[in-house]
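S.K.: Before I ask anything, here is the structure I am working with.
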Amino acid sequence: MSQDIGVLIFSEDPNLTVEMLGKGREIADKLQTGLAVLIIGSNVRQNAAEFVKHGADKVYTAESPELERFTPEPYLETLYKLVLDLKPEMVLVGSTRNGKPVAARLAMRLKAGCVPDCISLALDEQKRLVGERITYGGNAIARITFKTKPQIATVPSRALEKPAPDDRHGQILRLDAEKSPSLVQIVSEKPLGTSSVRVEEAEAIVSCGRGLEKKEDLKLLDAVSKILCGQVGCSRPLSEDRKWFSEWIGLSGHKVRPKLYIACGISGVIQHVAGIRDAKIVVAINRDPEAPIFEVADYSVVGDLYEILPALKEALQKLLQQ
Amino acid sequence: MKIVVCLKQAVDVSQLKVDAATRQLMTASAPKKMSDFDKNALEEAVRIKEKNPGTEICTLTATAEDAKTVIREALAIGADKAYVVNDAIFKDLDTSGVAEVLTKALDKIEDVNLILCGETSLDSFSGLVGPRLAELRNIPLITSTRKLSVEGDSITAERTLEEAYQTVQAKLPVLVAVTREINQPRIPSLMMIMRASKKEIVNWTLTDLVLEKAKLASRIELLEVQAPKTERKKIKITGETPQEIAEKLAKALIQEGVVGR
């Protein structure tokens, strides 16, 4: 069975691939075309069946021991060759630190357009891909479409809804991995602090900004986050200027989507707000009644976090025990 | 060694105003400044020069408007020479067109060993120009860079990935895109500003570059730019004591179903 592939998905992150498969399937159905996934790496074939279950008609696997780690040139070359071969309408690439530059280079090589970091994807009446992305430091959402093909979009983690698996059939096909020499040599890797990774997974985040005076005072946030089974986060100044955290929440840092976000002593500059726009409920605690964070909060407390947080801990403890 | 720092004059997003009724951005009236990330790239170039005497730092800017203030600031921070390609048609360029202009300008500057740029720009936040430019020039690309050092014809960089710091090496010429963590840019002293006024600014227009207009055609179409709707409840919680406030807040959060099971 030969079927045109209209939508091609690539990411080195299997979770992100699955997230893109939901929207990819929806678009492929509307275009009455096939949906394919490219996997590159070493021992990655095991994910192929999972991708079929989540919507792929075809999964191309390019495996080689040298491709265990993301090396841009062979990855780009493999993706490029497959795009030339399949001529898809669109290519969706996971917007990771490694993936996004590959998408940009693919676009340049193909003289194509690229819309990065799409938080939503749709088709317009002319069946062109339309991506929405955050721009102007979180001040705006831009809707962008394409004038050329293939239409290349990158999609960050957790932007698209994960589809439910289904009992579907698809083809799993081997592809030769390109062996282009790598222009950049990887010397070593060391893991980041673990807290920064977990903050994106957290259901509740208690976050602090400049209003927190000393690093020891983080225990006030810890106490509340523990009751909520959540994580502690921070705005950029505490990471960049004071170095209390290795990562921060905001447009240029982590974009989070917890059920509950409690901003303590955070003024609420637009870049920070862009990082929490997908939080379900935002609580702001700040001494300054004029703080912009109150404009984007569901519950506002004008007050001293040093008084409110301990009281909140007590109140939550009491009410949750009942 | 010759370093070229790509500088963008960007909308100062912190001073951008939004028309509350239409949710349109008032970009035309917004002040402009050097894109923050590019300033980090420039600072890094100056630090490399401090360790490698004889290094020449040039800035390169493609712009549709006057960018003199930004260029003067760059020269004050420590660039030796500035190249500006100014053409009114640049206002419609997408990242592909910008990369095409920059690569032609780099050809003209000649013998560039290291190209530095910001990971992304302050206003459009695309982060595509650096990778596109590296691809056009067929040189190694290092993005998300938080540390950088140059020894001879080799460059070592530390990158921030999602779950790891990665150290990489490449041979010059290389294009490096830096993050804001890499350094704290210096604020130029009055002396540096005075000295900068004697430095050379080379002004080019599109006709000075050998570039077919077709390469400048935008591959994308901006349909709409609008401030997001804020759909927050904006409920003020007040009380006589912190305990009273905290209790009201805790009850509200339990009611919302975002606390407990």
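Identifiers in this document derive from the order of the structure tokens: chains are assigned A, B, ..., residues are numbered from 1 separately in each chain, and ligands are numbered from 1 in order of occurrence.
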Give me, as a VMD selection string, the contact residues of chain B against chain A at a cut-off of 7 Å, counting only C-alpha atoms.
M.R.: chain B and resid 13 96 122 to 126 128 131 to 132 135 140 144 161 to 170 181 219 to 228 230 232 to 238 242 to 243 246 to 247 250 258 to 260
S.K.: What's around segment 66-75 of chain B at 6 Å? Count only C-alpha atoms, leave out sequence neighbours fewer than 2 positions away in its own chain, and write the answer as a list in words.
M.R.: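 Everything that qualifies: Met34, Ile77, Gly78, Ala79 and Ala196 of chain B.
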S.K.: Take the residues from that selection and write them out as a compact mmCIF listing (two decimals), in the first residue's frame, keeping C-alpha atoms.
M.R.:
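Contents of part-v3.txt, freshly written:
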```txt
# COMPACT_ATOMS: atom_id res chain seq x y z
CA MET B 34 19.83 46.57 21.19
CA ILE B 77 30.90 48.56 24.71
CA GLY B 78 33.93 47.48 22.72
CA ALA B 79 33.30 46.76 19.04
CA ALA B 196 33.46 55.17 20.26
```
S.K.: Record the distance separating atom CA of Val93 of chain A and atom CA of Gly250 of chain A, expressed in Å with one decimal.
M.R.: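 According to the coordinates, atom CA of Val93 of chain A and atom CA of Gly250 of chain A are separated by 22.1 Å.
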S.K.: If we count only C-alpha atoms and set the cut-off at 12 Å, which residues sit around Lys91 of chain B, ignoring sequence neighbours fewer than 5 positions away in its own chain? Please answer as a count of residues only.
M.R.: 12
S.K.: Considering only C-alpha atoms, state which residue in the set A:Glu19, A:Asp4, A:Asp57, A:Glu63 is at the smallest distance from Asp85 of chain A.
M.R.: A:Asp4
S.K.: Mind listing the strand (DSSP E or B) residues of segment 113-321 of chain A, per DSSP on the backbone, as a VMD selection string?
M.R.: chain A and resid 114 to 115 118 to 123 129 to 135 140 to 146 151 to 155 171 to 175 185 to 191 204 to 208 231 to 234 249 254 260 to 264 281 to 286 299 to 302
S.K.: Can you tell me how far atom CA of Leu209 of chain B sits from atom CA of Asp87 of chain B, in Å to one decimal?
M.R.: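 Answer for the atom CA of Leu209 of chain B to atom CA of Asp87 of chain B separation: 11.2 Å.
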S.K.: Quick one: pull the distance between atom CA of Lys87 of chain A and atom CA of Arg128 of chain A, Å, one decimal.
M.R.: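 Separation of atom CA of Lys87 of chain A and atom CA of Arg128 of chain A: 15.3 Å.
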S.K.: Tell me, as a list of chain:residue names, which residues lie within 10 Å of Leu21 of chain A, counting only C-alpha atoms; anything in the same chain fewer than 6 positions away does not count.
M.R.: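 Contacts, in chain order: A:Val7, A:Leu8, A:Ile9, A:Phe10, A:Asn15, A:Ile27, A:Ala28, A:Leu35, A:Ala36, A:Val37, A:Phe51, A:Val52, A:Lys53, A:His54, A:Gly55, A:Ala56, A:Leu92, A:Leu160, A:Glu161, A:Lys162, A:Pro163.
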S.K.: Give the helix (DSSP H, G or I) residues of segment 28-260 of chain B, as DSSP finds them on the backbone, and put them as a ChimeraX atom specification.
M.R.: /B:36-51,68-77,88-92,95-109,129-137,180-182,190-196,206-208,213-216,242-256
S.K.: Take the residues from that selection and put them in a file with C-alpha atoms, as an mmCIF file, in the first residue's frame.
M.R.:
```cif
data_model
loop_
_atom_site.group_PDB
_atom_site.id
_atom_site.type_symbol
_atom_site.label_atom_id
_atom_site.label_comp_id
_atom_site.auth_asym_id
_atom_site.auth_seq_id
_atom_site.Cartn_x
_atom_site.Cartn_y
_atom_site.Cartn_z
ATOM 1 C CA ASP B 36 19.409 41.871 24.969
ATOM 2 C CA PHE B 37 20.728 38.515 23.777
ATOM 3 C CA ASP B 38 22.856 40.247 21.140
ATOM 4 C CA LYS B 39 24.316 42.471 23.826
ATOM 5 C CA ASN B 40 25.467 39.310 25.627
ATOM 6 C CA ALA B 41 27.029 38.153 22.351
ATOM 7 C CA LEU B 42 28.860 41.467 22.019
ATOM 8 C CA GLU B 43 30.055 41.339 25.622
ATOM 9 C CA GLU B 44 31.371 37.821 25.012
ATOM 10 C CA ALA B 45 33.268 39.058 21.953
ATOM 11 C CA VAL B 46 34.882 41.807 24.047
ATOM 12 C CA ARG B 47 35.888 39.242 26.682
ATOM 13 C CA ILE B 48 37.412 37.008 23.998
ATOM 14 C CA LYS B 49 39.339 39.999 22.682
ATOM 15 C CA GLU B 50 40.657 40.767 26.171
ATOM 16 C CA LYS B 51 42.168 37.283 26.274
ATOM 17 C CA LYS B 68 22.677 54.803 15.011
ATOM 18 C CA THR B 69 22.033 54.811 18.767
ATOM 19 C CA VAL B 70 22.309 51.031 18.996
ATOM 20 C CA ILE B 71 25.448 50.997 16.827
ATOM 21 C CA ARG B 72 27.096 53.744 18.907
ATOM 22 C CA GLU B 73 26.342 51.791 22.059
ATOM 23 C CA ALA B 74 27.920 48.673 20.561
ATOM 24 C CA LEU B 75 31.049 50.597 19.638
ATOM 25 C CA ALA B 76 31.177 52.026 23.166
ATOM 26 C CA ILE B 77 30.903 48.560 24.706
ATOM 27 C CA ALA B 88 13.661 50.177 3.551
ATOM 28 C CA ILE B 89 12.627 46.857 2.018
ATOM 29 C CA PHE B 90 14.137 45.017 4.995
ATOM 30 C CA LYS B 91 11.032 45.743 7.042
ATOM 31 C CA ASP B 92 9.295 42.839 5.305
ATOM 32 C CA THR B 95 14.329 35.086 9.096
ATOM 33 C CA SER B 96 15.290 33.535 5.755
ATOM 34 C CA GLY B 97 15.768 36.957 4.147
ATOM 35 C CA VAL B 98 17.728 38.277 7.123
ATOM 36 C CA ALA B 99 20.102 35.314 6.903
ATOM 37 C CA GLU B 100 20.562 35.906 3.159
ATOM 38 C CA VAL B 101 21.436 39.563 3.746
ATOM 39 C CA LEU B 102 23.802 38.763 6.604
ATOM 40 C CA THR B 103 25.688 36.098 4.676
ATOM 41 C CA LYS B 104 26.272 38.439 1.728
ATOM 42 C CA ALA B 105 27.514 41.119 4.106
ATOM 43 C CA LEU B 106 29.817 38.581 5.782
ATOM 44 C CA ASP B 107 31.240 37.680 2.357
ATOM 45 C CA LYS B 108 32.060 41.335 1.898
ATOM 46 C CA ILE B 109 33.580 41.729 5.360
ATOM 47 C CA VAL B 129 18.506 33.552 12.050
ATOM 48 C CA GLY B 130 21.652 32.109 13.647
ATOM 49 C CA PRO B 131 21.011 28.505 12.541
ATOM 50 C CA ARG B 132 19.886 29.640 9.076
ATOM 51 C CA LEU B 133 23.044 31.696 8.688
ATOM 52 C CA ALA B 134 25.293 28.808 9.771
ATOM 53 C CA GLU B 135 23.525 26.580 7.239
ATOM 54 C CA LEU B 136 23.997 29.094 4.407
ATOM 55 C CA ARG B 137 27.686 29.420 5.236
ATOM 56 C CA ARG B 180 21.637 35.428 28.602
ATOM 57 C CA GLU B 181 23.393 33.357 31.255
ATOM 58 C CA ILE B 182 26.747 33.643 29.489
ATOM 59 C CA LEU B 190 31.760 58.096 29.438
ATOM 60 C CA MET B 191 35.334 57.538 28.260
ATOM 61 C CA MET B 192 34.304 54.484 26.244
ATOM 62 C CA ILE B 193 31.415 56.432 24.733
ATOM 63 C CA MET B 194 33.760 59.275 23.742
ATOM 64 C CA ARG B 195 36.240 56.869 22.196
ATOM 65 C CA ALA B 196 33.459 55.169 20.259
ATOM 66 C CA LEU B 206 21.104 46.420 -0.673
ATOM 67 C CA THR B 207 22.807 47.495 -3.914
ATOM 68 C CA ASP B 208 26.215 47.107 -2.251
ATOM 69 C CA LYS B 213 15.745 40.082 -4.735
ATOM 70 C CA ALA B 214 13.993 36.697 -4.985
ATOM 71 C CA LYS B 215 16.066 35.506 -2.042
ATOM 72 C CA LEU B 216 14.524 38.203 0.094
ATOM 73 C CA PRO B 242 -2.801 37.081 57.747
ATOM 74 C CA GLN B 243 -4.582 34.055 59.269
ATOM 75 C CA GLU B 244 -7.971 35.236 58.052
ATOM 76 C CA ILE B 245 -6.613 35.940 54.555
ATOM 77 C CA ALA B 246 -4.821 32.600 54.431
ATOM 78 C CA GLU B 247 -7.934 30.714 55.483
ATOM 79 C CA LYS B 248 -10.067 32.413 52.814
ATOM 80 C CA LEU B 249 -7.431 31.710 50.210
ATOM 81 C CA ALA B 250 -7.044 28.057 51.233
ATOM 82 C CA LYS B 251 -10.828 27.568 51.070
ATOM 83 C CA ALA B 252 -10.994 29.165 47.633
ATOM 84 C CA LEU B 253 -8.232 26.916 46.328
ATOM 85 C CA ILE B 254 -9.917 23.807 47.693
ATOM 86 C CA GLN B 255 -13.155 24.980 46.070
ATOM 87 C CA GLU B 256 -11.323 25.330 42.754
#
```
S.K.: Excluding segment 149-154 of chain B and its own-chain neighbours fewer than 2 positions away, which residues fall within 6 Å of it when counting only C-alpha atoms? Please give them as a VMD selection string.
M.R.: chain B and resid 156 170 to 172
S.K.: Export, as a tab-separated table (two decimals), in the first residue's frame, the selected residues with all heavy atoms.
M.R.:
```tsv
chain	number	residue	atom	x	y	z
B	156	THR	N	35.68	26.02	22.33
B	156	THR	CA	35.03	25.11	23.26
B	156	THR	C	33.85	25.86	23.87
B	156	THR	O	33.99	27.00	24.29
B	156	THR	CB	35.99	24.67	24.38
B	156	THR	OG1	37.15	24.10	23.77
B	156	THR	CG2	35.35	23.63	25.30
B	170	ALA	N	34.61	22.77	18.32
B	170	ALA	CA	34.57	22.87	16.86
B	170	ALA	C	35.75	23.71	16.39
B	170	ALA	O	36.34	24.45	17.16
B	170	ALA	CB	33.25	23.49	16.41
B	171	LYS	N	36.04	23.56	15.12
B	171	LYS	CA	37.13	24.34	14.50
B	171	LYS	C	36.54	25.59	13.86
B	171	LYS	O	35.51	25.55	13.22
B	171	LYS	CB	37.81	23.49	13.41
B	171	LYS	CG	38.59	22.32	13.96
B	171	LYS	CD	40.09	22.65	14.09
B	171	LYS	CE	40.88	21.53	14.73
B	171	LYS	NZ	41.06	21.69	16.18
B	172	LEU	N	37.24	26.69	14.03
B	172	LEU	CA	36.82	27.94	13.41
B	172	LEU	C	36.90	27.80	11.88
B	172	LEU	O	37.73	27.04	11.42
B	172	LEU	CB	37.72	29.09	13.87
B	172	LEU	CG	37.71	29.38	15.38
B	172	LEU	CD1	38.73	30.46	15.70
B	172	LEU	CD2	36.32	29.82	15.82
```
